[in-house]
Structure formats: C-alpha cells, structure tokens
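In what follows, a single structure is set out as structure tokens and then discussed.
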Amino acid sequence: MKYFRLSVEQMDQVLSLVGADITRQTTTFRLSIEPKQRLAVTLRFLGTGESFSSLAFQYRLGISTVAQSVHMTCRAIERKMMTSQFPKPTEEMWQNIASKFWKKWNFPNCMGPIDGKHITLVSPAHSGSLYFNYKGTFSIVLLALADAEYRFTFLQVGDFGRTSDGGVYSGSALGRAMEAKTLSVPADCPLPGSGVQGPMPHIMVGDAAFPLKTYLMRPFPGRQIPQWRRIFNYRLSRARMVIECAFGILASRWRVLHTKMNVKPSNADSVVTAACILHNFLLNPSEN
C-alpha cells in the first residue's frame, strides 16, 4: 500500500482496465514486458518522482523502456478511466455537491471551489518564456474544480505557466460551458433559512485571480471592509480551502508533483492527468 499507493485489490482493478492497452507482443527475438510490471513502474514513478535512471536500476530495465512504460501507462489510464472518474455533470450531481457544501462547509448553493496549481518542469527546449511563471520556475498549469469531499469534478492540464488562473479559466472548456449554460446547472433557489432575497444562483468559488460572474464568486477586495464583508470572505475562504486541501492530498500521495519533472510538456500532461484520475479513484466511496 505504501510502496505503490494502491492496495493489491485496487492494483488488480486498474490492471483489468488498462492491461490490454499496455500489452505488447512477444516475439522470437525478445520477451515483452508484462502489463503488471509496466503498471508497477508507473505507480512507483508517480508515488516517488524518482528519475527514470533510478527506476531502471531498481527494476533491471532500460532507461528508455522505463520512460516508454510510464508514458504508455499514463495515457492508457487517461483513456480507460477518465469517463468513469470524471463523469459528465448532471443537475442531480450539482445539487448533491451543493447540499454537502452547505452541511460540511456552511456555504450554500456552491458547486465547488476552483483554483490552479503550477506543475514544475525542467525548462522545455526552445520554449522561450512560454512556461516561465511568476514564481521564477518553468511549469504547466493544472486547473481543477473540486466537490465537498476533495474529489475533482473538472480537470484541465497543459496551459503555459505564464498564463494566470483567470486566463486559463477563460479559455477552458469549463469557462466556455458555464458561459454558454450547457452544464446542467440547477435552477436558482432561495438560500437556506432566508427566502427574503428570493432565488439565488448556484455558483463556483475562487480567489481574487478569477473574474466575478453571476456563477463565479470571489472575495471582497481590501482590508478595511465592513464586518459583513469580512464574514462573507471568511465563509468563502472556508469553502475555497477544499480545493487547496485537494491539491495537497494529490501532491502528497503522488509525489512526482513535488519534483521538477524532466519530461516533455505533452508527456507531463498525461502524467498529471493520470495522477488526478487515480486520486479520484482512491477517494471513491466504494473504495474507501
């Protein structure tokens, strides 16, 4: 469990889903590497962030074989498990999330907090300053929306590190779908215990980097603000911390996200996506 971050039963379940995609033919010249070994190398890479050279010595494989196995398995996880771990949102799903946010985090009509996380890379070749972020490192951006129990409900990976969270959101599938009203968002309803204001919309919550919309709320700016605004900012911050905790759980379990990944940006996208899919898989109530 600690070595691979998954139990034996969970590894068997993942292998049953992706095994066919990572199986290669055995020829008269060489034996193919078994799917379970490819999966084991990939989980060890995700769980520790060790270099391909180090993993090659541990598993007695070639360095290029380890790299190929990791990228192949991550793409297979993305293809086979994306639909089950990130289902298309429905009105019932949003209402369930909003109910849990009110019960656990005291924020009504909330569809989830949204935020971005920088995934650090070794400087990509011939990329100029595209991946150079305000922290002084090279990175890609992971944009995610979470529910009340630290599971991700939306994911976008791969934007340039120089892009702000608000810019990433504006160009994302989530931002365009919310603007076009195609995400089955529930109808407006009164806030709990107060019907005076009338029906209020369901919203996402974000920090000051995101734009203010009727479906996206951000904190009031400034420090010298009235008490009712401070109370609102406190409640909004309490709901927004869920996504920060989700990122913390993700990076603590899959420690490759704590390292500076020495892979191409296209391969980094599949590594981060696979880590997020496995994060949801492990937090699934049926598996907990």
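To be explicit about the labels: the chains of the structure tokens are called A, B, and onward in the order shown, and within each one the residues are counted from 1, while ligands get numbers from 1 in the order they are shown.
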
Restrict the calculation to only C-alpha atoms, then for each residue of stretch 84-127 of chain A with any atom at most 9 Å from an atom of stretch 248-259 of chain A give the closest atom pair and their distance in Å to one decimal, rows by chain and rising residue number, as CSV.
residue,atom,partner,partner_atom,distance
A:Ile119,CA,A:Leu257,CA,6.4
A:Thr120,CA,A:Thr259,CA,7.0
A:Leu121,CA,A:Thr259,CA,8.1

For the selection you just gave me, I'd like the residues written to a file as a compact mmCIF listing (two decimals), in the first residue's frame, keeping N, CA, C and O atoms.
# COMPACT_ATOMS: atom_id res chain seq x y z
N ILE A 119 2.58 22.99 -12.03
CA ILE A 119 3.33 21.73 -12.03
C ILE A 119 4.70 22.04 -12.62
O ILE A 119 4.82 22.36 -13.80
N THR A 120 5.73 21.95 -11.79
CA THR A 120 7.07 22.38 -12.18
C THR A 120 7.73 21.41 -13.16
O THR A 120 7.66 20.19 -12.98
N LEU A 121 8.37 21.97 -14.20
CA LEU A 121 9.08 21.19 -15.20
C LEU A 121 10.52 21.68 -15.32
O LEU A 121 10.83 22.83 -14.96

*Name the residues in contact with A:Gly136 at a cut-off of 12 Å, using only C-alpha atoms, excluding same-chain residues fewer than 5 positions from it; report them as a ChimeraX atom specification.*
/A:118,120-121,123,129,131,161-162

Output all heavy atoms for every residue in that selection, as a PDB file, in the first residue's frame.
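So result17.pdb came out as:
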ATOM      1  N   HIS A 118       0.525  25.129 -10.204  1.00  0.00           N
ATOM      2  CA  HIS A 118       1.657  25.049 -11.126  1.00  0.00           C
ATOM      3  C   HIS A 118       2.391  23.720 -10.932  1.00  0.00           C
ATOM      4  O   HIS A 118       2.773  23.374  -9.821  1.00  0.00           O
ATOM      5  CB  HIS A 118       2.619  26.217 -10.891  1.00  0.00           C
ATOM      6  CG  HIS A 118       2.103  27.523 -11.411  1.00  0.00           C
ATOM      7  ND1 HIS A 118       2.270  27.933 -12.726  1.00  0.00           N
ATOM      8  CD2 HIS A 118       1.397  28.516 -10.812  1.00  0.00           C
ATOM      9  CE1 HIS A 118       1.711  29.105 -12.898  1.00  0.00           C
ATOM     10  NE2 HIS A 118       1.175  29.485 -11.752  1.00  0.00           N
ATOM     11  N   THR A 120       5.728  21.945 -11.792  1.00  0.00           N
ATOM     12  CA  THR A 120       7.074  22.384 -12.185  1.00  0.00           C
ATOM     13  C   THR A 120       7.729  21.406 -13.157  1.00  0.00           C
ATOM     14  O   THR A 120       7.658  20.191 -12.977  1.00  0.00           O
ATOM     15  CB  THR A 120       7.959  22.536 -10.937  1.00  0.00           C
ATOM     16  OG1 THR A 120       7.258  23.274  -9.943  1.00  0.00           O
ATOM     17  CG2 THR A 120       9.235  23.267 -11.274  1.00  0.00           C
ATOM     18  N   LEU A 121       8.373  21.973 -14.195  1.00  0.00           N
ATOM     19  CA  LEU A 121       9.085  21.186 -15.195  1.00  0.00           C
ATOM     20  C   LEU A 121      10.519  21.681 -15.316  1.00  0.00           C
ATOM     21  O   LEU A 121      10.826  22.828 -14.963  1.00  0.00           O
ATOM     22  CB  LEU A 121       8.425  21.330 -16.581  1.00  0.00           C
ATOM     23  CG  LEU A 121       6.951  20.998 -16.752  1.00  0.00           C
ATOM     24  CD1 LEU A 121       6.530  21.314 -18.181  1.00  0.00           C
ATOM     25  CD2 LEU A 121       6.685  19.545 -16.437  1.00  0.00           C
ATOM     26  N   SER A 123      13.096  23.187 -17.781  1.00  0.00           N
ATOM     27  CA  SER A 123      12.818  24.104 -18.887  1.00  0.00           C
ATOM     28  C   SER A 123      12.708  23.359 -20.224  1.00  0.00           C
ATOM     29  O   SER A 123      13.678  22.739 -20.676  1.00  0.00           O
ATOM     30  CB  SER A 123      13.930  25.152 -18.980  1.00  0.00           C
ATOM     31  OG  SER A 123      13.745  25.963 -20.114  1.00  0.00           O
ATOM     32  N   SER A 129       9.999  31.974 -23.067  1.00  0.00           N
ATOM     33  CA  SER A 129       9.426  32.290 -21.754  1.00  0.00           C
ATOM     34  C   SER A 129       7.983  31.807 -21.615  1.00  0.00           C
ATOM     35  O   SER A 129       7.281  32.210 -20.682  1.00  0.00           O
ATOM     36  CB  SER A 129       9.479  33.800 -21.509  1.00  0.00           C
ATOM     37  OG  SER A 129       8.707  34.478 -22.492  1.00  0.00           O
ATOM     38  N   TYR A 131       6.705  28.970 -20.685  1.00  0.00           N
ATOM     39  CA  TYR A 131       6.426  28.177 -19.486  1.00  0.00           C
ATOM     40  C   TYR A 131       6.963  28.835 -18.216  1.00  0.00           C
ATOM     41  O   TYR A 131       6.843  28.271 -17.136  1.00  0.00           O
ATOM     42  CB  TYR A 131       7.035  26.773 -19.628  1.00  0.00           C
ATOM     43  CG  TYR A 131       6.384  25.939 -20.705  1.00  0.00           C
ATOM     44  CD1 TYR A 131       6.889  25.921 -22.001  1.00  0.00           C
ATOM     45  CD2 TYR A 131       5.249  25.181 -20.440  1.00  0.00           C
ATOM     46  CE1 TYR A 131       6.289  25.173 -23.000  1.00  0.00           C
ATOM     47  CE2 TYR A 131       4.646  24.429 -21.425  1.00  0.00           C
ATOM     48  CZ  TYR A 131       5.169  24.423 -22.706  1.00  0.00           C
ATOM     49  OH  TYR A 131       4.565  23.675 -23.680  1.00  0.00           O
ATOM     50  N   GLY A 161       2.800  28.060 -18.222  1.00  0.00           N
ATOM     51  CA  GLY A 161       2.971  28.559 -16.865  1.00  0.00           C
ATOM     52  C   GLY A 161       2.847  30.070 -16.747  1.00  0.00           C
ATOM     53  O   GLY A 161       2.536  30.586 -15.684  1.00  0.00           O
ATOM     54  N   ARG A 162       3.076  30.805 -17.833  1.00  0.00           N
ATOM     55  CA  ARG A 162       2.996  32.262 -17.769  1.00  0.00           C
ATOM     56  C   ARG A 162       1.547  32.755 -17.703  1.00  0.00           C
ATOM     57  O   ARG A 162       1.305  33.919 -17.379  1.00  0.00           O
ATOM     58  CB  ARG A 162       3.687  32.877 -18.992  1.00  0.00           C
ATOM     59  CG  ARG A 162       2.987  32.561 -20.316  1.00  0.00           C
ATOM     60  CD  ARG A 162       3.751  33.108 -21.507  1.00  0.00           C
ATOM     61  NE  ARG A 162       3.811  34.564 -21.490  1.00  0.00           N
ATOM     62  CZ  ARG A 162       4.438  35.295 -22.407  1.00  0.00           C
ATOM     63  NH1 ARG A 162       5.083  34.690 -23.397  1.00  0.00           N
ATOM     64  NH2 ARG A 162       4.438  36.602 -22.348  1.00  0.00           N
TER      65      ARG A 162
END

*as a ChimeraX atom specification, which residues of stretch 16-208 of chain A does DSSP assign to strand (DSSP E)?*
/A:110-121,138-146,152-160,203-205

Using only C-alpha atoms, please write the residues we just selected to a file, as a compact mmCIF listing (two decimals), in the first residue's frame.
# COMPACT_ATOMS: atom_id res chain seq x y z
CA CYS A 110 -21.96 26.06 -4.05
CA MET A 111 -20.99 23.82 -6.98
CA GLY A 112 -17.37 23.69 -5.84
CA PRO A 113 -14.17 25.72 -5.48
CA ILE A 114 -11.92 26.30 -8.48
CA ASP A 115 -8.19 27.01 -8.50
CA GLY A 116 -4.99 26.47 -10.44
CA LYS A 117 -1.75 24.70 -9.48
CA HIS A 118 1.66 25.05 -11.13
CA ILE A 119 3.33 21.73 -12.03
CA THR A 120 7.07 22.38 -12.18
CA LEU A 121 9.08 21.19 -15.20
CA PHE A 138 9.03 26.65 -15.57
CA SER A 139 5.64 24.99 -15.29
CA ILE A 140 2.33 23.93 -16.78
CA VAL A 141 -0.97 24.83 -15.12
CA LEU A 142 -3.43 22.35 -13.63
CA LEU A 143 -6.92 23.91 -13.35
CA ALA A 144 -9.41 21.93 -11.26
CA LEU A 145 -12.86 22.12 -9.70
CA ALA A 146 -13.50 20.02 -6.59
CA PHE A 152 -12.06 16.62 -8.64
CA THR A 153 -15.10 17.16 -10.86
CA PHE A 154 -13.34 19.05 -13.66
CA LEU A 155 -9.77 19.00 -14.89
CA GLN A 156 -7.68 20.88 -17.44
CA VAL A 157 -3.94 20.38 -17.76
CA GLY A 158 -1.29 21.83 -20.03
CA ASP A 159 -1.65 25.61 -20.22
CA PHE A 160 1.56 27.62 -20.27
CA ILE A 203 -22.08 29.34 -8.03
CA MET A 204 -18.45 28.29 -8.01
CA VAL A 205 -15.99 30.00 -5.64

*asked:* Considering only C-alpha atoms, can you say which of A:Gln197, A:Ser99, A:Gly128, A:Ala209 comes closest to A:Gly167?
replied: A:Ala209

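Nearest-residue note for A:Asn280: choosing from A:Tyr215, A:Phe247, A:Tyr3, A:Trp94, the minimum distance belongs to A:Phe247, counting only C-alpha atoms.
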
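Distances here use only C-alpha atoms; by that measure, the residue among A:Val18, A:Gln68, A:Pro226, A:Phe4 closest to A:Ile33 is A:Gln68.
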
*Looking only at the backbone, which of the residues in stretch 128-182 of chain A does DSSP tag as alpha helix (DSSP H), as a ChimeraX atom specification?*
/A:165-171,173-180

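Minimum atom-to-atom distance to A:Arg240, evaluated using only C-alpha atoms, belongs to A:Ala148 out of A:Val8, A:Leu283, A:Val41, A:Ala148.
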
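Excluding A:Val271 and any residue on its chain fewer than 2 positions from it, the residues at most 8 Å away by only C-alpha atoms are Leu46, His71, Cys74, Arg75, Asn267, Ala268, Asp269, Thr273, Ala274 and Ala275 of chain A.
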
Using only all heavy atoms, please write the residues we just selected to a file, as a PDB file, in the first residue's frame.
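Printed below is again_18.pdb as written:
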ATOM      1  N   LEU A  46       5.030   7.698 -10.155  1.00  0.00           N
ATOM      2  CA  LEU A  46       4.061   8.692  -9.679  1.00  0.00           C
ATOM      3  C   LEU A  46       4.171   8.891  -8.167  1.00  0.00           C
ATOM      4  O   LEU A  46       4.045  10.015  -7.660  1.00  0.00           O
ATOM      5  CB  LEU A  46       2.637   8.257 -10.039  1.00  0.00           C
ATOM      6  CG  LEU A  46       2.266   8.235 -11.522  1.00  0.00           C
ATOM      7  CD1 LEU A  46       0.861   7.655 -11.705  1.00  0.00           C
ATOM      8  CD2 LEU A  46       2.335   9.617 -12.130  1.00  0.00           C
ATOM      9  N   HIS A  71       4.938   6.546 -19.813  1.00  0.00           N
ATOM     10  CA  HIS A  71       4.078   7.372 -20.673  1.00  0.00           C
ATOM     11  C   HIS A  71       2.942   6.549 -21.277  1.00  0.00           C
ATOM     12  O   HIS A  71       1.803   7.020 -21.379  1.00  0.00           O
ATOM     13  CB  HIS A  71       4.914   8.015 -21.779  1.00  0.00           C
ATOM     14  CG  HIS A  71       6.023   8.885 -21.268  1.00  0.00           C
ATOM     15  ND1 HIS A  71       5.870   9.695 -20.158  1.00  0.00           N
ATOM     16  CD2 HIS A  71       7.296   9.076 -21.701  1.00  0.00           C
ATOM     17  CE1 HIS A  71       7.002  10.347 -19.933  1.00  0.00           C
ATOM     18  NE2 HIS A  71       7.879   9.981 -20.840  1.00  0.00           N
ATOM     19  N   CYS A  74       0.333   5.882 -18.417  1.00  0.00           N
ATOM     20  CA  CYS A  74      -0.405   7.104 -18.059  1.00  0.00           C
ATOM     21  C   CYS A  74      -1.465   7.423 -19.111  1.00  0.00           C
ATOM     22  O   CYS A  74      -2.591   7.805 -18.779  1.00  0.00           O
ATOM     23  CB  CYS A  74       0.558   8.283 -17.895  1.00  0.00           C
ATOM     24  SG  CYS A  74       1.541   8.234 -16.383  1.00  0.00           S
ATOM     25  N   ARG A  75      -1.103   7.266 -20.381  1.00  0.00           N
ATOM     26  CA  ARG A  75      -2.083   7.528 -21.449  1.00  0.00           C
ATOM     27  C   ARG A  75      -3.198   6.488 -21.427  1.00  0.00           C
ATOM     28  O   ARG A  75      -4.361   6.806 -21.714  1.00  0.00           O
ATOM     29  CB  ARG A  75      -1.383   7.551 -22.805  1.00  0.00           C
ATOM     30  CG  ARG A  75      -0.454   8.746 -22.985  1.00  0.00           C
ATOM     31  CD  ARG A  75      -0.049   8.940 -24.447  1.00  0.00           C
ATOM     32  NE  ARG A  75       0.831  10.088 -24.565  1.00  0.00           N
ATOM     33  CZ  ARG A  75       2.162  10.018 -24.582  1.00  0.00           C
ATOM     34  NH1 ARG A  75       2.753   8.841 -24.480  1.00  0.00           N
ATOM     35  NH2 ARG A  75       2.893  11.110 -24.699  1.00  0.00           N
ATOM     36  N   ASN A 267       4.092  14.958 -22.457  1.00  0.00           N
ATOM     37  CA  ASN A 267       4.107  13.802 -21.563  1.00  0.00           C
ATOM     38  C   ASN A 267       3.742  14.193 -20.130  1.00  0.00           C
ATOM     39  O   ASN A 267       3.120  13.415 -19.399  1.00  0.00           O
ATOM     40  CB  ASN A 267       5.484  13.142 -21.574  1.00  0.00           C
ATOM     41  CG  ASN A 267       5.791  12.465 -22.896  1.00  0.00           C
ATOM     42  OD1 ASN A 267       4.890  11.973 -23.570  1.00  0.00           O
ATOM     43  ND2 ASN A 267       7.056  12.451 -23.281  1.00  0.00           N
ATOM     44  N   ALA A 268       4.127  15.404 -19.714  1.00  0.00           N
ATOM     45  CA  ALA A 268       3.755  15.882 -18.374  1.00  0.00           C
ATOM     46  C   ALA A 268       2.242  15.988 -18.241  1.00  0.00           C
ATOM     47  O   ALA A 268       1.685  15.709 -17.168  1.00  0.00           O
ATOM     48  CB  ALA A 268       4.416  17.226 -18.095  1.00  0.00           C
ATOM     49  N   ASP A 269       1.561  16.374 -19.322  1.00  0.00           N
ATOM     50  CA  ASP A 269       0.100  16.471 -19.290  1.00  0.00           C
ATOM     51  C   ASP A 269      -0.523  15.121 -18.923  1.00  0.00           C
ATOM     52  O   ASP A 269      -1.428  15.043 -18.073  1.00  0.00           O
ATOM     53  CB  ASP A 269      -0.450  16.916 -20.649  1.00  0.00           C
ATOM     54  CG  ASP A 269      -0.036  18.330 -21.011  1.00  0.00           C
ATOM     55  OD1 ASP A 269       0.546  19.014 -20.149  1.00  0.00           O
ATOM     56  OD2 ASP A 269      -0.291  18.741 -22.149  1.00  0.00           O
ATOM     57  N   THR A 273      -2.585  14.170 -15.489  1.00  0.00           N
ATOM     58  CA  THR A 273      -3.967  13.691 -15.658  1.00  0.00           C
ATOM     59  C   THR A 273      -4.140  12.317 -15.018  1.00  0.00           C
ATOM     60  O   THR A 273      -5.142  12.062 -14.330  1.00  0.00           O
ATOM     61  CB  THR A 273      -4.334  13.633 -17.149  1.00  0.00           C
ATOM     62  OG1 THR A 273      -4.141  14.919 -17.741  1.00  0.00           O
ATOM     63  CG2 THR A 273      -5.796  13.215 -17.333  1.00  0.00           C
ATOM     64  N   ALA A 274      -3.177  11.418 -15.226  1.00  0.00           N
ATOM     65  CA  ALA A 274      -3.257  10.084 -14.622  1.00  0.00           C
ATOM     66  C   ALA A 274      -3.242  10.170 -13.106  1.00  0.00           C
ATOM     67  O   ALA A 274      -3.983   9.442 -12.421  1.00  0.00           O
ATOM     68  CB  ALA A 274      -2.095   9.222 -15.116  1.00  0.00           C
ATOM     69  N   ALA A 275      -2.421  11.063 -12.542  1.00  0.00           N
ATOM     70  CA  ALA A 275      -2.368  11.230 -11.084  1.00  0.00           C
ATOM     71  C   ALA A 275      -3.717  11.705 -10.550  1.00  0.00           C
ATOM     72  O   ALA A 275      -4.187  11.239  -9.501  1.00  0.00           O
ATOM     73  CB  ALA A 275      -1.259  12.213 -10.705  1.00  0.00           C
TER      74      ALA A 275
END

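The space separating atom CA of A:Thr73 from atom CA of A:His126 comes to 27.2 Å.
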